[in-house]
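Coordinates from run16.txt are shown below (compact mmCIF, C-alpha atoms).
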```txt
# COMPACT_ATOMS: atom_id res chain seq x y z
CA MET A 321 32.35 43.44 -29.75
CA ARG A 322 29.99 45.59 -27.67
CA ALA A 323 27.21 43.00 -27.98
CA SER A 324 29.44 40.20 -26.67
CA VAL A 325 30.60 42.37 -23.74
CA PHE A 326 26.97 43.19 -22.95
CA VAL A 327 25.98 39.49 -23.09
CA ALA A 328 28.92 38.55 -20.87
CA PHE A 329 27.97 41.27 -18.39
CA VAL A 330 24.33 40.11 -18.28
CA LEU A 331 25.44 36.50 -17.77
CA LEU A 332 27.77 37.58 -14.99
CA LEU A 333 24.95 39.39 -13.19
CA THR A 334 22.39 36.61 -13.57
CA SER A 335 24.60 33.59 -12.89
CA PRO A 336 24.84 34.02 -9.10
CA ILE A 337 21.04 34.21 -8.90
CA SER A 338 20.72 30.78 -10.47
CA LEU A 339 23.29 29.45 -8.00
CA LEU A 340 21.32 30.51 -4.94
CA GLY A 341 19.93 27.58 -3.08
CA ARG A 342 20.14 25.32 -0.13
CA LEU A 343 21.72 21.92 -0.14
CA MET A 344 19.33 19.16 0.84
CA GLU A 345 20.61 15.86 2.15
CA GLY A 346 18.74 13.34 0.02
CA ALA A 347 17.99 9.78 0.96
CA THR A 348 16.55 6.74 -0.74
CA CYS A 349 13.62 4.84 0.73
CA GLN A 350 16.02 2.06 1.75
CA GLN A 351 18.29 4.54 3.56
CA MET A 352 15.29 6.04 5.35
CA PHE A 353 14.03 2.55 6.24
CA ASP A 354 17.42 1.55 7.65
CA LYS A 355 17.74 4.77 9.69
CA ALA A 356 14.19 4.72 11.12
CA ASP A 357 13.09 3.19 14.42
CA LEU A 358 9.51 3.05 13.16
CA VAL A 359 8.27 2.78 9.57
CA ILE A 360 4.53 2.97 9.56
CA ILE A 361 1.44 3.77 7.54
CA ALA A 362 -0.84 5.89 9.69
CA LYS A 363 -3.50 8.58 9.57
CA PRO A 364 -3.57 11.80 11.61
CA VAL A 365 -6.34 12.13 14.17
CA SER A 366 -5.45 15.36 16.00
CA ILE A 367 -3.03 18.26 15.62
CA THR A 368 -1.97 20.63 18.40
CA ASP A 369 0.66 23.34 18.68
CA THR A 370 3.15 22.96 21.51
CA GLU A 371 4.63 25.74 23.64
CA GLU A 372 7.84 25.35 21.65
CA HIS A 373 8.89 28.49 19.77
CA THR A 374 12.41 28.17 18.41
CA GLY A 375 14.72 28.44 15.45
CA LEU A 376 14.48 25.52 13.05
CA PRO A 377 17.29 23.06 13.84
CA GLY A 378 19.96 23.68 11.19
CA LEU A 379 18.29 26.89 9.97
CA ASP A 380 18.09 28.95 13.18
CA ALA A 381 17.03 32.12 11.34
CA ILE A 382 13.70 30.49 10.44
CA HIS A 383 11.40 30.77 13.45
CA VAL A 384 9.06 27.83 13.96
CA VAL A 385 6.41 26.51 16.32
CA GLY A 386 6.38 22.90 17.50
CA ILE A 387 3.46 20.67 16.61
CA ASN A 388 2.27 17.37 18.05
CA THR A 389 0.26 15.36 15.55
CA LYS A 390 -1.38 12.27 16.96
CA PHE A 391 -1.64 9.36 14.51
CA GLU A 392 -3.64 6.15 14.43
CA THR A 393 -1.74 3.15 13.08
CA VAL A 394 -2.85 1.46 9.89
CA LEU A 395 0.16 -0.82 9.29
CA VAL A 396 3.57 -1.17 10.97
CA LEU A 397 6.32 -2.00 8.48
CA LYS A 398 9.26 -1.74 10.90
CA GLY A 399 9.36 -1.35 14.67
CA ASP A 400 7.01 -2.16 17.52
CA LYS A 401 4.03 -3.98 15.99
CA ASN A 402 1.91 -3.09 19.06
CA VAL A 403 1.93 0.66 18.35
CA LYS A 404 -1.73 1.60 17.93
CA GLU A 405 -1.22 5.36 18.11
CA PHE A 406 1.74 7.70 18.47
CA VAL A 407 2.67 11.38 18.38
CA LEU A 408 4.78 12.94 15.65
CA HIS A 409 6.79 15.97 16.78
CA HIS A 410 7.35 18.37 13.89
CA TYR A 411 7.27 22.08 13.07
CA ARG A 412 5.45 24.78 11.14
CA LEU A 413 6.45 28.34 10.36
CA ASP A 414 5.79 30.92 13.04
CA LYS A 415 2.65 32.88 12.02
CA ARG A 416 4.78 36.02 11.70
CA LEU A 417 6.66 34.36 8.81
CA GLU A 418 3.75 32.66 7.04
CA ARG A 419 3.14 35.59 4.68
CA LEU A 420 6.81 35.95 3.75
CA ALA A 421 8.15 34.25 0.67
CA ILE A 422 11.07 32.13 1.81
CA VAL A 423 13.17 31.18 -1.20
CA ASP A 424 14.13 27.51 -1.07
CA GLY A 425 12.65 27.22 2.41
CA PRO A 426 11.96 24.09 4.41
CA ASP A 427 9.53 21.43 3.19
CA PHE A 428 7.37 20.98 6.29
CA ALA A 429 4.89 18.16 6.77
CA GLU A 430 1.30 19.39 6.90
CA PHE A 431 -1.70 17.34 7.96
CA ASP A 432 -5.46 17.61 8.04
CA ALA A 433 -7.01 15.31 10.64
CA HIS A 434 -10.40 15.54 8.89
CA GLU A 435 -9.08 14.46 5.49
CA ARG A 436 -8.76 10.72 6.37
CA LYS A 437 -5.56 10.40 4.31
CA ALA A 438 -2.81 7.94 5.19
CA TYR A 439 0.91 8.68 5.29
CA LEU A 440 4.01 6.55 5.00
CA LEU A 441 6.24 7.73 7.84
CA PHE A 442 9.91 7.03 8.51
CA LEU A 443 10.40 7.99 12.16
CA ILE A 444 13.00 8.13 14.91
CA LYS A 445 11.94 7.84 18.55
CA GLU A 446 12.78 10.86 20.70
CA ALA A 447 13.79 10.63 24.37
CA ASP A 448 10.34 11.80 25.51
CA GLY A 449 8.51 9.04 23.61
CA ARG A 450 7.33 11.14 20.69
CA TYR A 451 8.59 10.44 17.19
CA ALA A 452 10.37 12.77 14.78
CA PRO A 453 11.00 12.54 11.03
CA ALA A 454 13.99 10.30 10.30
CA SER A 455 15.29 12.79 7.72
CA GLY A 456 15.29 15.61 10.27
CA GLN A 457 13.01 18.57 10.90
CA VAL A 458 14.07 20.78 7.97
CA ASP A 459 12.57 18.84 5.03
CA PRO A 460 10.41 16.04 6.42
CA ALA A 461 7.85 16.19 3.60
CA ALA A 462 10.61 15.57 1.07
CA PHE A 463 11.84 12.29 2.56
CA SER A 464 10.20 11.07 5.81
CA VAL A 465 6.52 11.96 5.49
CA ILE A 466 4.89 10.72 2.30
CA LYS A 467 1.19 11.32 1.69
CA LEU A 468 -0.51 8.29 0.15
CA ASP A 469 -3.34 8.44 -2.35
CA GLY A 470 -6.74 7.27 -1.29
CA ILE A 471 -8.84 7.52 1.84
CA VAL A 472 -8.36 5.27 4.86
CA GLU A 473 -11.36 4.24 6.94
```

Do you think you could lay out the structure here as structure tokens?
Amino acid sequence: MRASVFVAFVLLLTSPISLLGRLMEGATCQQMFDKADLVIIAKPVSITDTEEHTGLPGLDAIHVVGINTKFETVLVLKGDKNVKEFVLHHYRLDKRLERLAIVDGPDFAEFDAHERKAYLLFLIKEADGRYAPASGQVDPAAFSVIKLDGIVE
């Protein structure tokens, strides 16, 4: 009897821990394609921080810095076929948070302009002409920004 009470107590204490998490709105490639203004394969050529310091849209407690990543077009799959280069507006963690372990935190897109890697991008055009991930700014690397294997010349 005591053993079963102990096991029940341990399960009660550990169950909420396994239930911690953040809901992510998933999307299929077709849903992302349909939602996007621009679906493109491109490679990053430059990355610069913006003056934007804000809470992450939807997760205001997570402080982020805006980034403009300039891309060179490889292939346009949907949208303006004349786009030769464009700017992706996205975010990174504020440096003050980089060393903290954020459980189930955002899945940010990260780029290296020197790596010569291509990305499949599902993008929505913003009012200022830049593009943003079609899945939103919280988890772009999970749905809207897909790193492709291989090197692009």

query: Near segment 359-373 of chain A, counting only C-alpha atoms, which residues have an atom at most 7 Å away, once you skip same-chain residues fewer than 2 positions from it, shown as a list in words?
result: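 Those residues are Phe353, Ala356, Asp357, Val384, Val385, Gly386, Ile387, Asn388, Thr389, Lys390, Phe391, Glu392, Thr393, Val394, Leu395, Val396, Leu397, Lys398, Gly399, Phe431, Ala433, Arg436, Lys437, Ala438, Tyr439, Leu440, Leu441, Phe442 and Leu443 of chain A.
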
Interatomic distance, atom CA of Ile466 of chain A to atom CA of Asp414 of chain A (Å, one decimal):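 Between atom CA of Ile466 of chain A and atom CA of Asp414 of chain A the gap works out to 22.9 Å.
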
task: Considering only C-alpha atoms, state which residue in the set A:Asp469, A:Asp400, A:Asp459, A:Glu446 is at the smallest distance from Glu430 of chain A.
output: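 Among the listed residues, A:Asp459 lies closest to Glu430 of chain A.
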
- request: Provide the atom CA of Pro377 of chain A to atom CA of Gly456 of chain A distance in Å, to one decimal place.
  value: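 Distance reported for this atom pair: 8.5 Å.
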
- request: In Å, rounded to a single decimal, give me how far atom CA of Ala454 of chain A is from atom CA of Met352 of chain A.
  value: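 Separating atom CA of Met352 of chain A from atom CA of Ala454 of chain A is a distance of 6.7 Å.
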
- prompt: Which is closest to Pro460 of chain A among A:Leu358, A:Val472, A:Ala347, A:Val407, if we use only C-alpha atoms?
  reply: A:Ala347

Using only C-alpha atoms: which of A:Gly375, A:Val403, A:Glu435, A:His383 has the shortest distance to Gly449 of chain A: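 Among the listed residues, A:Val403 lies closest to Gly449 of chain A.
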
task: Tell me which of A:Asn402, A:Ala381, A:Gln351, A:Phe428 sits closest to Ala461 of chain A, counting all atoms listed in the file.
output: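 The answer is A:Phe428, which sits nearest to Ala461 of chain A.
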
Selection near Thr348 of chain A, 12 Å with all atoms listed in the file, sequence-local residues under 6 positions removed, as a list in words: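 Using all atoms listed in the file, the neighbours found are Asp354, Lys355, Phe442, Ala454, Ser455, Ala462, Phe463 and Ser464 of chain A.
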
field: Nearest to Gly378 of chain A, chosen from A:Val458, A:Tyr411, A:Arg450, A:His434, with only C-alpha atoms counted in the distances
entry: A:Val458

query: Can you list, as a ChimeraX atom specification, every protein, DNA or RNA residue that comes within 12 Å of Ala447 of chain A when you count all atoms listed in the file, leaving out same-chain residues fewer than 4 positions away?
result: /A:409,451-452

Among the residues A:Glu473, A:Phe406, A:Gln350, A:Ile382, the one that comes closest to Gly425 of chain A [using all atoms listed in the file]: A:Ile382
